[in-house]
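Note sheet for the following structure.
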There are 2 protein chains.
Amino acid sequence: MELIQRMLAGDKRACAKLITAVENDPEEAEKIIRQIHNKTGHAHVIGITGPPGAGKSTLTDKLVKALVNEGKRVGIIAVDPTSPYSGGSILGDRIRMQDLALNPNVFIRSMGTRGYLGGLSKYTKNALKILDAAGYDYIVIETVGVGQSEVDIVKIADTILMVMVPGLGDDIQSIKAGIMEIGDIFVINKSDLFGADRTATEVNMMLDLSMDMDRRPPVVKVVAVKNEGIDLLLEEIKKHMEYLRESGKLVERRKNNLKIEIVELIETELRKIVISHTDEDNRLDGEATEILNKEKNIYEVRDEFLKAIKKDN
Amino acid sequence: MELIQRMLAGDKRACAKLITAVENDPEEAEKIIRQIHNKTGHAHVIGITGPPGAGKSTLTDKLVKALVNEGKRVGIIAVDPTSPYSGGSILGDRIRMQDLALNPNVFIRSMGTRGYLGGLSKYTKNALKILDAAGYDYIVIETVGVGQSEVDIVKIADTILMVMVPGLGDDIQSIKAGIMEIGDIFVINKSDLFGADRTATEVNMMLDLSMDMDRRPPVVKVVAVKNEGIDLLLEEIKKHMEYLRESGKLVERRKNNLKIEIVELIETELRKIVISHTDEDNRLDGEATEILNKEKNIYEVRDEFLKAIKKDN
């Protein structure tokens, strides 16, 4: 495929076209991913998550610029509806985005959060594979960490940054409590604001209480808008990758993500089979009517479908 | 089954035990639901959803008392982590709960939101069937409407109340925007507070803008703590049921919910088959390693599993 050759040679437009192809056509996606598989596995994937207003976009911006200054090539996947990269933010953010997007060593892809119908993590995984094959040294996935689906997306990263800010209500902190455990590095952004020390102390206390960790995540204070603390954060990100490699956890982590992905792919195929059976001759509708009329119960209907599915496959 | 006989005869303890059995043991659940199937379909199911702090528990309390005063039997399923019915609230709420729980015509079941691992809606559906078979005239499902999973739960109701309050931040209103469309009746609670008229106006405007509805949901102002507006709300709930029956939408709605449930049940069975294959001899782990080592790609592994699954079934 010519597009793949061009993408592998560093053509950003080819890269963008491949991601679009992968988003729009599952069969095309499979064809493309099969071909690029051997080129993947080299990028360091950084996940950035946290509540709206934590300044994740600004942090992404500064982090990416620091990496570019080191001569690295960086891909960005923004699945954050509040991110300027995925549209709909203020003018200043848009200008900043343009600034990065024009850099030949930076590729930006925004994934809208609508229209993927629960399958957003699948699309993110495929886009990630293409950027990985395209030779980007780092790939940043930016998402809003408020729900399970966002957590699912960011979990494919090697290094997960959990971005907090001083002064968020207790409500948001408690929503976050359940997802705190996925953070590899805790970033207190806007740490020049009143309350930053208290937030840092609270996060540190919480981390000290979690005794089952074999690595204690660092807490890094930054002021992204002023570019303060970014170098230190970058150092911690690199240290984390070293730790992952040396401890064997990188392979373990990627393997676990792969296992989840394999099962998802198997289930997707089985779901297609289920739908082809239930949709045939409007059969599901007829069966539901029979259940409502007490002619059958729901388990009888399930078993009939299962029998038919097994017979045909 | 003796428990089922006792439950059908109106024994609340038997009812509670059956719901517990259904929660703990999927095989037992299937056995029980198969047996009670013919007794279901009579209850009017009311779903109550809305953000934390909207006063859903107080509203449930008053609504249930009004129904009991009419001589009705009412079941309550609380899947709201902030609800006093599912534990963890202030003393006053607990006393109120006791008050209702002791009424022989009221059955209260709280479903914790932990430990169900994404399958909460399945348990809610089964508990609902048991209460329905037990002859409760009304079944109230109370849940916090902030995420997709809560919406999935409340969608099994015949009549969905969307509870709002004046003065919630724009943030919460925007989270709710996507789920507004499921409301059959909009309840402005705490409508003696400043801003109630504005909230009602906003909701009305939003409803006027939705042109594709064949029924325009009413907006009802109540002050649940003062028992104000509850009778009017009850009237609207009954009117909605009348509308559902006369328009044929009750059958349509229940049939659609059944179709979703059938597909879920089929997929659960297929998932069991997938897991038995992937877990066998730690096969999934070995395959993931081969993918990481570029010996295979993920689609080849998927296809091998699919082939094995089809061969064995």
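Residue names in the structure tokens use chain letters A, B, ... in the order shown, residue numbers from 1 in each chain, and ligand numbers from 1 in the order shown.
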For a quick test of understanding: name the residues of chain A lying within 7 Å of chain B when counting only C-alpha atoms, and present them as a PDB file with N, CA and C atoms, in the first residue's frame.
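selection.pdb was written with the following content:
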ATOM      1  N   ARG A  34      -2.436  -4.961  10.129  1.00  0.00           N
ATOM      2  CA  ARG A  34      -1.681  -6.182   9.830  1.00  0.00           C
ATOM      3  C   ARG A  34      -0.340  -5.832   9.176  1.00  0.00           C
ATOM      4  N   HIS A  37       2.197  -3.902  11.669  1.00  0.00           N
ATOM      5  CA  HIS A  37       2.451  -4.510  12.976  1.00  0.00           C
ATOM      6  C   HIS A  37       3.938  -4.609  13.332  1.00  0.00           C
ATOM      7  N   ASN A  38       4.737  -5.022  12.357  1.00  0.00           N
ATOM      8  CA  ASN A  38       6.158  -5.234  12.662  1.00  0.00           C
ATOM      9  C   ASN A  38       6.942  -3.953  12.943  1.00  0.00           C
ATOM     10  N   LYS A 255       1.746  -6.483  27.536  1.00  0.00           N
ATOM     11  CA  LYS A 255       1.127  -7.781  27.324  1.00  0.00           C
ATOM     12  C   LYS A 255      -0.305  -7.783  27.872  1.00  0.00           C
ATOM     13  N   LEU A 258      -2.494  -5.989  25.550  1.00  0.00           N
ATOM     14  CA  LEU A 258      -2.728  -6.821  24.362  1.00  0.00           C
ATOM     15  C   LEU A 258      -3.793  -7.876  24.625  1.00  0.00           C
ATOM     16  N   LYS A 259      -3.725  -8.489  25.815  1.00  0.00           N
ATOM     17  CA  LYS A 259      -4.693  -9.532  26.156  1.00  0.00           C
ATOM     18  C   LYS A 259      -6.110  -8.960  26.144  1.00  0.00           C
ATOM     19  N   ILE A 262      -7.091  -8.441  22.521  1.00  0.00           N
ATOM     20  CA  ILE A 262      -7.425  -9.690  21.817  1.00  0.00           C
ATOM     21  C   ILE A 262      -8.856 -10.110  22.148  1.00  0.00           C
ATOM     22  N   LEU A 265     -11.361  -7.998  20.436  1.00  0.00           N
ATOM     23  CA  LEU A 265     -11.479  -8.302  19.008  1.00  0.00           C
ATOM     24  C   LEU A 265     -12.288  -9.573  18.772  1.00  0.00           C
ATOM     25  N   ILE A 266     -12.063 -10.571  19.624  1.00  0.00           N
ATOM     26  CA  ILE A 266     -12.844 -11.812  19.499  1.00  0.00           C
ATOM     27  C   ILE A 266     -14.324 -11.500  19.733  1.00  0.00           C
ATOM     28  N   LEU A 284     -35.559 -11.017  16.155  1.00  0.00           N
ATOM     29  CA  LEU A 284     -35.488 -10.573  17.549  1.00  0.00           C
ATOM     30  C   LEU A 284     -36.798  -9.930  17.973  1.00  0.00           C
ATOM     31  N   ASP A 285     -37.372  -9.153  17.071  1.00  0.00           N
ATOM     32  CA  ASP A 285     -38.621  -8.471  17.377  1.00  0.00           C
ATOM     33  C   ASP A 285     -39.743  -9.481  17.629  1.00  0.00           C
ATOM     34  N   ALA A 288     -39.228 -11.152  20.992  1.00  0.00           N
ATOM     35  CA  ALA A 288     -39.555 -10.265  22.111  1.00  0.00           C
ATOM     36  C   ALA A 288     -41.073 -10.207  22.311  1.00  0.00           C
ATOM     37  N   THR A 289     -41.804 -10.195  21.212  1.00  0.00           N
ATOM     38  CA  THR A 289     -43.270 -10.208  21.303  1.00  0.00           C
ATOM     39  C   THR A 289     -43.762 -11.482  21.989  1.00  0.00           C
ATOM     40  N   LYS A 294     -45.936 -13.985  27.016  1.00  0.00           N
ATOM     41  CA  LYS A 294     -45.747 -15.137  27.908  1.00  0.00           C
ATOM     42  C   LYS A 294     -45.762 -16.481  27.174  1.00  0.00           C
ATOM     43  N   ASN A 297     -40.088 -17.751  27.628  1.00  0.00           N
ATOM     44  CA  ASN A 297     -39.360 -16.850  28.522  1.00  0.00           C
ATOM     45  C   ASN A 297     -38.039 -16.464  27.867  1.00  0.00           C
ATOM     46  N   ILE A 298     -37.393 -15.487  28.459  1.00  0.00           N
ATOM     47  CA  ILE A 298     -36.220 -14.885  27.826  1.00  0.00           C
ATOM     48  C   ILE A 298     -35.063 -15.878  27.658  1.00  0.00           C
ATOM     49  N   ARG A 302     -33.017 -16.948  24.348  1.00  0.00           N
ATOM     50  CA  ARG A 302     -31.548 -16.902  24.311  1.00  0.00           C
ATOM     51  C   ARG A 302     -30.985 -18.233  23.806  1.00  0.00           C
ATOM     52  N   LEU A 306     -28.673 -19.112  20.601  1.00  0.00           N
ATOM     53  CA  LEU A 306     -27.346 -19.714  20.772  1.00  0.00           C
ATOM     54  C   LEU A 306     -27.214 -20.979  19.930  1.00  0.00           C
ATOM     55  N   LYS A 310     -24.556 -21.496  16.920  1.00  0.00           N
ATOM     56  CA  LYS A 310     -23.572 -22.584  16.927  1.00  0.00           C
ATOM     57  C   LYS A 310     -23.717 -23.479  15.692  1.00  0.00           C
ATOM     58  N   ASN A 313     -22.094 -21.908  12.525  1.00  0.00           N
ATOM     59  CA  ASN A 313     -20.697 -21.473  12.525  1.00  0.00           C
ATOM     60  C   ASN A 313     -19.717 -22.633  12.745  1.00  0.00           C
TER      61      ASN A 313
END
Please give the complete set of residues from segment 16-259 of chain A that DSSP, run on the backbone, assigns to alpha helix (DSSP H), formatted as number ranges by chain.
A: 16-24, 26-36, 56-69, 91-101, 120-133, 148-154, 170-177, 196-209, 230-247, 249-259
Grab the residues selected above and save them as a short mmCIF file (atom, residue, chain, number, x, y, z; two decimals), in the first residue's frame with C-alpha atoms.
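Resulting contents of again.cif:
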data_model
loop_
_atom_site.label_atom_id
_atom_site.label_comp_id
_atom_site.auth_asym_id
_atom_site.auth_seq_id
_atom_site.Cartn_x
_atom_site.Cartn_y
_atom_site.Cartn_z
CA ALA A 16 -3.44 11.41 8.82
CA LYS A 17 -5.12 9.62 5.91
CA LEU A 18 -4.30 6.22 7.38
CA ILE A 19 -5.81 7.18 10.75
CA THR A 20 -8.95 8.39 8.99
CA ALA A 21 -9.13 5.13 7.03
CA VAL A 22 -8.79 3.16 10.24
CA GLU A 23 -11.58 5.19 11.85
CA ASN A 24 -14.02 4.86 9.00
CA PRO A 26 -12.99 -1.67 10.19
CA GLU A 27 -11.92 -3.94 7.33
CA GLU A 28 -9.49 -1.35 6.04
CA ALA A 29 -8.24 -0.92 9.61
CA GLU A 30 -7.46 -4.61 9.89
CA LYS A 31 -5.59 -4.57 6.58
CA ILE A 32 -3.52 -1.57 7.59
CA ILE A 33 -2.71 -2.74 11.12
CA ARG A 34 -1.68 -6.18 9.83
CA GLN A 35 0.83 -4.52 7.51
CA ILE A 36 2.37 -2.13 10.01
CA LYS A 56 -3.92 19.28 30.59
CA SER A 57 -3.74 20.93 27.18
CA THR A 58 -1.24 23.53 28.33
CA LEU A 59 0.79 20.82 30.00
CA THR A 60 0.71 18.74 26.82
CA ASP A 61 1.81 21.77 24.85
CA LYS A 62 4.85 22.48 27.07
CA LEU A 63 5.81 18.84 27.39
CA VAL A 64 5.71 18.31 23.65
CA LYS A 65 7.77 21.46 23.04
CA ALA A 66 10.40 20.26 25.52
CA LEU A 67 10.60 16.92 23.73
CA VAL A 68 10.82 18.58 20.33
CA ASN A 69 13.66 20.75 21.62
CA LEU A 91 -8.71 31.54 20.61
CA GLY A 92 -5.40 31.45 22.49
CA ASP A 93 -5.51 27.68 22.63
CA ARG A 94 -6.24 27.43 18.94
CA ILE A 95 -3.27 29.59 18.08
CA ARG A 96 -1.04 27.48 20.31
CA MET A 97 -2.32 24.36 18.60
CA GLN A 98 -1.52 25.75 15.15
CA ASP A 99 1.93 26.56 16.41
CA LEU A 100 2.62 22.91 17.29
CA ALA A 101 0.74 21.47 14.35
CA LEU A 120 -13.42 5.05 21.22
CA SER A 121 -10.66 3.07 22.91
CA LYS A 122 -10.45 0.78 19.86
CA TYR A 123 -9.93 3.75 17.55
CA THR A 124 -7.39 5.27 19.89
CA LYS A 125 -5.44 2.00 19.94
CA ASN A 126 -5.37 1.87 16.15
CA ALA A 127 -4.33 5.52 15.79
CA LEU A 128 -1.61 4.83 18.33
CA LYS A 129 -0.29 1.90 16.31
CA ILE A 130 -0.08 4.02 13.18
CA LEU A 131 1.82 6.81 14.95
CA ASP A 132 4.07 4.21 16.54
CA ALA A 133 4.84 2.67 13.14
CA GLN A 148 -14.54 4.54 33.05
CA SER A 149 -14.27 4.96 29.29
CA GLU A 150 -11.60 7.67 29.63
CA VAL A 151 -9.69 5.47 32.04
CA ASP A 152 -9.88 2.62 29.54
CA ILE A 153 -8.36 4.85 26.89
CA VAL A 154 -5.47 6.17 28.95
CA ASP A 170 -14.31 17.68 47.15
CA ASP A 171 -16.82 16.25 44.73
CA ILE A 172 -14.36 15.99 41.89
CA GLN A 173 -11.67 14.63 44.15
CA SER A 174 -14.00 11.87 45.27
CA ILE A 175 -14.93 10.99 41.70
CA LYS A 176 -11.23 10.75 41.02
CA ALA A 177 -10.56 8.58 44.05
CA ALA A 196 -1.08 23.82 45.99
CA ASP A 197 0.95 22.61 48.97
CA ARG A 198 -2.16 21.24 50.60
CA THR A 199 -3.17 19.39 47.42
CA ALA A 200 0.35 17.98 47.10
CA THR A 201 0.27 16.89 50.76
CA GLU A 202 -3.10 15.21 50.28
CA VAL A 203 -1.89 13.33 47.22
CA ASN A 204 1.32 12.32 49.03
CA MET A 205 -0.65 11.10 52.03
CA MET A 206 -2.93 9.09 49.85
CA LEU A 207 0.04 7.54 48.05
CA ASP A 208 1.73 6.71 51.38
CA LEU A 209 -1.41 4.90 52.48
CA ILE A 230 8.38 20.81 32.92
CA ASP A 231 12.01 19.66 32.77
CA LEU A 232 11.66 17.91 36.11
CA LEU A 233 8.47 16.26 34.92
CA LEU A 234 10.16 15.08 31.75
CA GLU A 235 12.95 13.61 33.85
CA GLU A 236 10.41 11.68 35.92
CA ILE A 237 8.72 10.42 32.75
CA LYS A 238 12.02 9.10 31.45
CA LYS A 239 12.87 7.59 34.84
CA HIS A 240 9.53 5.79 34.79
CA MET A 241 10.29 4.28 31.40
CA GLU A 242 13.69 3.14 32.68
CA TYR A 243 11.96 1.55 35.65
CA LEU A 244 9.47 -0.19 33.36
CA ARG A 245 12.22 -1.59 31.16
CA GLU A 246 14.52 -2.70 33.98
CA SER A 247 11.80 -4.29 36.09
CA LYS A 249 7.06 -4.27 33.77
CA LEU A 250 7.02 -2.72 30.32
CA VAL A 251 6.55 -6.11 28.69
CA GLU A 252 4.08 -7.13 31.40
CA ARG A 253 2.03 -3.97 30.95
CA ARG A 254 1.95 -4.11 27.18
CA LYS A 255 1.13 -7.78 27.32
CA ASN A 256 -1.83 -7.15 29.62
CA ASN A 257 -3.12 -4.45 27.29
CA LEU A 258 -2.73 -6.82 24.36
CA LYS A 259 -4.69 -9.53 26.16
#
Let's see if you can do this: from backbone DSSP, list all strand (DSSP E or B) residues in segment 194-256 of chain B, as a PyMOL selection string.
chain B and resi 219-221+223+228
When you look at segment 186-193 of chain A with a cut-off of 9 Å (counting only C-alpha atoms), what residues show up, excluding the ones that are within fewer than 2 positions of it in the same chain? I need them as a PyMOL selection string.
chain A and resi 54-56+59+160-167+183-184+195-197+199-200+203+217-225+233
Taken to one decimal, the atom CA of Leu102 of chain A-atom CA of Tyr138 of chain A distance is 17.3 Å
For Gly47 of chain B, the nearest of the candidates B:Glu142, B:Asp279, B:Asp25, B:Asp137, counting only C-alpha atoms:
B:Glu142
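Residue nearest Tyr136 of chain B, chosen from B:Asn227, B:Asn282, B:Asn105, B:Gln5 and counting only C-alpha atoms: B:Asn105.
Straight-line separation from atom CA of Lys272 of chain B to atom CA of Val79 of chain B: 26.4 Å.
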